[in-house]
Amino acid sequence: MKSEFLQILKTRGFIHQATDLEALDDLFSKETVTAYIGFDATANSLHVGSLVQIMMLRWLQKCGHRPIVLMGGGTSKIGDPTGRDEARLLITEETIQANIDGISKVFKKFLTFGNNGTTDTVMVNNDDWLKNLNYITFLRDYGRHFSVNRMLTFDSVKLRLEREQSLSLLEFNYMILQAYDFLELNKRLGCTLQMGGSDQWGNIVNGVELTRRVIAKEVFGLTSPLI
């Protein structure tokens, strides 16, 4: 690998899967890359399982690239079905905001935030664009790019169905909304890489493919092993 960032991740065992590692390596070697990781606001702090992802963002910034911390203020209203045997309890907007306030303090210990430098960390909330979506327009413009047959093969869905456990339409739509986040961040902030834990691989691939289909932009996905 040519790029410092990917060399560091590889040395530390942080790389599990990537959509096109060679092309991503070329991108990191040529320009400043903007990358994001999403964190749902289902608790007021993060557990140790998020440590690898935080360190990925920290190394991204130390290597001269720009991290985006995406707070799932919108998607937390649904709940990620990944790794769940049953639906998450729905939480109020007030609780979600309190959780975001708590989680934000964690990132400030590891990342440099600001508005002046090209590598300053940016924190965004996907509720800013998800809360005003028109459902019919969203289905017409973006839902048509998703195959239900393929969605049923993702572990987050398949395992629940194999165990004959209920999976609501609300949860089923989560992966579409996460894919849409990547598209929005590419449009708004030029984000070209989504990172996350290996359990997010299916959701990340959906975002890569949606961005390519809708605006013909090449973007990438990279996952790390789970703790």
# chains A, B, ... in the order shown; residues from 1 in each chain; ligands from 1

$ residues_around --residues "Ser50 (chain A)" --least-positions-apart "6" --cutoff "10 Å" --atoms "only C-alpha atoms" --output "VMD selection string"
chain A and resid 39 196 to 197 226 to 227

$ select_by_dssp --residues "region 42-75 of chain A" --states "strand (DSSP E or B)" --output "NGL selection string"
:A and (66-72)

$ select_by_dssp --residues "region 1-222 of chain A" --states "helix (DSSP H, G or I)" --output "ChimeraX atom specification"
/A:4-11,21-30,48-62,75-77,93-107,127-130,135-141,143-145,148-151,155-162,169-172,174-189,198-215

$ closest_residue --among "A:Leu222, A:Met195, A:Leu90, A:Val208" --to "Glu171 (chain A)" --atoms "only C-alpha atoms"
A:Leu90

$ residues_around --residues "Leu185 (chain A)" --least-positions-apart "2" --cutoff "10 Å" --atoms "only C-alpha atoms" --output "tab-separated table (two decimals) with N, CA and C atoms, in the first residue's frame"
chain	number	residue	atom	x	y	z
A	34	THR	N	-12.14	12.82	2.33
A	34	THR	CA	-13.15	13.02	3.38
A	34	THR	C	-13.87	11.69	3.59
A	35	ALA	N	-13.89	11.24	4.84
A	35	ALA	CA	-14.49	9.95	5.17
A	35	ALA	C	-15.37	10.08	6.41
A	36	TYR	N	-16.37	9.21	6.50
A	36	TYR	CA	-17.24	9.29	7.67
A	36	TYR	C	-17.53	7.93	8.28
A	68	ILE	N	-15.54	12.89	9.15
A	68	ILE	CA	-16.90	13.32	9.45
A	68	ILE	C	-17.47	12.34	10.48
A	70	LEU	N	-20.85	11.25	11.85
A	70	LEU	CA	-22.28	11.35	11.56
A	70	LEU	C	-23.07	10.85	12.76
A	124	VAL	N	-22.02	16.00	11.89
A	124	VAL	CA	-23.31	16.26	11.26
A	124	VAL	C	-24.36	15.35	11.87
A	126	ASN	N	-27.87	13.29	10.75
A	126	ASN	CA	-28.66	12.93	9.57
A	126	ASN	C	-30.13	13.29	9.70
A	180	TYR	N	-28.69	6.34	1.92
A	180	TYR	CA	-28.99	7.72	1.53
A	180	TYR	C	-28.08	8.71	2.25
A	181	ASP	N	-27.69	8.40	3.48
A	181	ASP	CA	-26.75	9.26	4.21
A	181	ASP	C	-25.46	9.45	3.41
A	182	PHE	N	-24.93	8.35	2.86
A	182	PHE	CA	-23.68	8.43	2.11
A	182	PHE	C	-23.86	9.33	0.89
A	183	LEU	N	-24.96	9.16	0.20
A	183	LEU	CA	-25.25	10.01	-0.97
A	183	LEU	C	-25.31	11.48	-0.58
A	187	LYS	N	-22.75	14.67	-1.66
A	187	LYS	CA	-23.25	15.91	-2.27
A	187	LYS	C	-22.86	17.14	-1.45
A	188	ARG	N	-23.03	17.04	-0.13
A	188	ARG	CA	-22.85	18.20	0.75
A	188	ARG	C	-21.38	18.48	1.07
A	189	LEU	N	-20.60	17.43	1.31
A	189	LEU	CA	-19.25	17.61	1.84
A	189	LEU	C	-18.18	16.89	1.03
A	190	GLY	N	-18.53	16.34	-0.11
A	190	GLY	CA	-17.54	15.66	-0.95
A	190	GLY	C	-16.99	14.40	-0.31
A	191	CYS	N	-17.78	13.74	0.54
A	191	CYS	CA	-17.34	12.54	1.22
A	191	CYS	C	-17.25	11.37	0.23
A	192	THR	N	-16.10	10.69	0.22
A	192	THR	CA	-15.90	9.61	-0.73
A	192	THR	C	-15.65	8.25	-0.07
A	193	LEU	N	-15.69	8.20	1.26
A	193	LEU	CA	-15.44	6.94	1.95
A	193	LEU	C	-16.32	6.82	3.18
A	194	GLN	N	-16.99	5.68	3.29
A	194	GLN	CA	-17.70	5.35	4.53
A	194	GLN	C	-16.97	4.20	5.20
A	211	THR	N	-24.92	5.77	-4.42
A	211	THR	CA	-24.22	6.98	-4.88
A	211	THR	C	-23.77	6.84	-6.32

$ atom_distance --atom1 "CA of Val33 (chain A)" --atom2 "CA of Gln61 (chain A)"
9.7 Å

$ atom_distance --atom1 "CA of Thr118 (chain A)" --atom2 "CA of Glu4 (chain A)"
17.5 Å

$ residues_around --residues "Ser147 (chain A)" --least-positions-apart "6" --cutoff "12 Å" --atoms "only C-alpha atoms" --output "list in words"
Thr153, Phe154, Met175, Ile176, Asn206, Glu209 and Leu210 of chain A

$ write_last_selection --atoms "N, CA and C atoms" --output "short mmCIF file (atom, residue, chain, number, x, y, z; two decimals), in the first residue's frame"
data_model
loop_
_atom_site.label_atom_id
_atom_site.label_comp_id
_atom_site.auth_asym_id
_atom_site.auth_seq_id
_atom_site.Cartn_x
_atom_site.Cartn_y
_atom_site.Cartn_z
N THR A 153 -30.86 -10.99 1.69
CA THR A 153 -29.66 -11.82 1.88
C THR A 153 -28.71 -11.23 2.92
N PHE A 154 -28.91 -9.96 3.33
CA PHE A 154 -28.02 -9.36 4.31
C PHE A 154 -28.26 -9.97 5.69
N MET A 175 -31.59 0.25 6.24
CA MET A 175 -30.45 0.17 5.33
C MET A 175 -30.59 1.14 4.16
N ILE A 176 -31.82 1.43 3.76
CA ILE A 176 -32.02 2.40 2.68
C ILE A 176 -31.65 3.80 3.17
N ASN A 206 -24.48 -0.80 0.17
CA ASN A 206 -25.69 -0.16 -0.37
C ASN A 206 -25.45 1.32 -0.64
N GLU A 209 -23.22 1.78 -3.76
CA GLU A 209 -23.95 1.51 -5.00
C GLU A 209 -25.00 2.57 -5.29
N LEU A 210 -25.69 3.06 -4.25
CA LEU A 210 -26.69 4.10 -4.47
C LEU A 210 -26.04 5.37 -5.00
#

$ closest_residue --among "A:Glu94, A:Asp101, A:Asp127, A:Asp120" --to "Ser45 (chain A)" --atoms "only C-alpha atoms"
A:Asp101

$ closest_residue --among "A:Arg58, A:Thr92, A:Arg213, A:Gln200" --to "His16 (chain A)" --atoms "only C-alpha atoms"
A:Gln200

$ closest_residue --among "A:Leu24, A:Ala98, A:Ile8, A:Val214" --to "Gly143 (chain A)" --atoms "only C-alpha atoms"
A:Val214

$ residues_around --residues "Gln7 (chain A)" --least-positions-apart "5" --cutoff "12 Å" --atoms "only C-alpha atoms" --output "count of residues only"
15

$ residues_around --residues "Ile96 (chain A)" --least-positions-apart "2" --cutoff "12 Å" --atoms "only C-alpha atoms" --output "list of chain:residue names"
A:Phe39, A:Asp40, A:Ala41, A:Thr42, A:Ala43, A:Asn44, A:Ser45, A:Met71, A:Gly72, A:Gly73, A:Gly74, A:Thr75, A:Ser76, A:Lys77, A:Ile78, A:Gly79, A:Leu90, A:Ile91, A:Thr92, A:Glu93, A:Glu94, A:Ala98, A:Asn99, A:Ile100, A:Asp101, A:Gly102, A:Ile103, A:Asn125, A:Asp127

$ write_last_selection --atoms "N, CA and C atoms" --output "CSV table (one decimal), in the first residue's frame"
chain,number,residue,atom,x,y,z
A,39,PHE,N,-22.8,7.0,13.9
A,39,PHE,CA,-23.0,6.5,15.2
A,39,PHE,C,-24.5,6.8,15.6
A,40,ASP,N,-25.3,5.8,15.8
A,40,ASP,CA,-26.6,6.1,16.3
A,40,ASP,C,-26.7,6.5,17.7
A,41,ALA,N,-27.6,7.4,18.0
A,41,ALA,CA,-27.7,8.0,19.4
A,41,ALA,C,-28.7,7.2,20.2
A,42,THR,N,-28.4,5.9,20.5
A,42,THR,CA,-29.3,5.0,21.3
A,42,THR,C,-28.8,5.0,22.7
A,43,ALA,N,-27.7,5.6,23.1
A,43,ALA,CA,-27.3,5.7,24.5
A,43,ALA,C,-26.5,7.0,24.6
A,44,ASN,N,-26.2,7.4,25.9
A,44,ASN,CA,-25.6,8.7,26.1
A,44,ASN,C,-24.1,8.6,26.1
A,45,SER,N,-23.5,7.4,25.8
A,45,SER,CA,-22.1,7.3,25.6
A,45,SER,C,-21.8,6.1,24.6
A,71,MET,N,-23.8,11.7,13.4
A,71,MET,CA,-24.7,11.3,14.4
A,71,MET,C,-26.1,11.0,13.8
A,72,GLY,N,-26.6,9.8,14.2
A,72,GLY,CA,-27.8,9.3,13.6
A,72,GLY,C,-29.0,9.8,14.3
A,73,GLY,N,-29.2,11.1,14.4
A,73,GLY,CA,-30.4,11.6,15.0
A,73,GLY,C,-31.7,11.2,14.3
A,74,GLY,N,-31.6,11.0,13.0
A,74,GLY,CA,-32.8,10.5,12.2
A,74,GLY,C,-32.9,9.0,12.3
A,75,THR,N,-31.9,8.3,12.0
A,75,THR,CA,-31.9,6.8,12.0
A,75,THR,C,-32.1,6.2,13.4
A,76,SER,N,-31.8,7.0,14.4
A,76,SER,CA,-32.0,6.5,15.8
A,76,SER,C,-33.5,6.4,16.1
A,77,LYS,N,-34.3,7.1,15.3
A,77,LYS,CA,-35.8,7.0,15.5
A,77,LYS,C,-36.3,5.7,15.1
A,78,ILE,N,-35.5,5.0,14.3
A,78,ILE,CA,-35.9,3.7,13.7
A,78,ILE,C,-35.2,2.6,14.5
A,79,GLY,N,-33.8,2.6,14.5
A,79,GLY,CA,-33.0,1.6,15.2
A,79,GLY,C,-32.5,0.6,14.2
A,90,LEU,N,-38.4,2.2,20.7
A,90,LEU,CA,-38.4,3.6,20.1
A,90,LEU,C,-38.1,4.6,21.2
A,91,ILE,N,-37.3,5.6,20.9
A,91,ILE,CA,-36.9,6.6,21.9
A,91,ILE,C,-37.3,8.0,21.4
A,92,THR,N,-37.5,8.9,22.3
A,92,THR,CA,-38.1,10.2,22.0
A,92,THR,C,-37.0,11.1,21.4
A,93,GLU,N,-37.4,12.1,20.7
A,93,GLU,CA,-36.4,13.1,20.1
A,93,GLU,C,-35.6,13.8,21.2
A,94,GLU,N,-36.2,14.0,22.4
A,94,GLU,CA,-35.5,14.6,23.5
A,94,GLU,C,-34.4,13.7,24.0
A,98,ALA,N,-30.3,14.3,23.9
A,98,ALA,CA,-29.5,14.2,25.1
A,98,ALA,C,-28.3,13.1,24.9
A,99,ASN,N,-28.6,12.1,24.1
A,99,ASN,CA,-27.6,11.1,23.8
A,99,ASN,C,-26.5,11.6,22.9
A,100,ILE,N,-27.0,12.4,21.9
A,100,ILE,CA,-26.0,13.1,21.0
A,100,ILE,C,-25.1,14.0,21.8
A,101,ASP,N,-25.6,14.8,22.7
A,101,ASP,CA,-24.8,15.7,23.6
A,101,ASP,C,-23.8,14.9,24.4
A,102,GLY,N,-24.2,13.7,24.9
A,102,GLY,CA,-23.3,12.9,25.6
A,102,GLY,C,-22.2,12.3,24.8
A,103,ILE,N,-22.6,11.7,23.6
A,103,ILE,CA,-21.6,11.1,22.8
A,103,ILE,C,-20.6,12.1,22.2
A,125,ASN,N,-25.6,15.7,11.7
A,125,ASN,CA,-26.7,14.9,12.2
A,125,ASN,C,-27.7,14.6,11.0
A,127,ASP,N,-30.6,13.7,10.9
A,127,ASP,CA,-31.9,14.2,11.0
A,127,ASP,C,-32.1,15.5,10.2

$ closest_residue --among "A:Glu22, A:Val148, A:Phe110, A:Thr95" --to "Ile54 (chain A)" --atoms "only C-alpha atoms"
A:Phe110

$ closest_residue --among "A:His47, A:Leu159, A:Phe172, A:Arg66" --to "Thr32 (chain A)" --atoms "only C-alpha atoms"
A:Arg66

$ atom_distance --atom1 "CA of Ser168 (chain A)" --atom2 "CA of Asp128 (chain A)"
24.1 Å
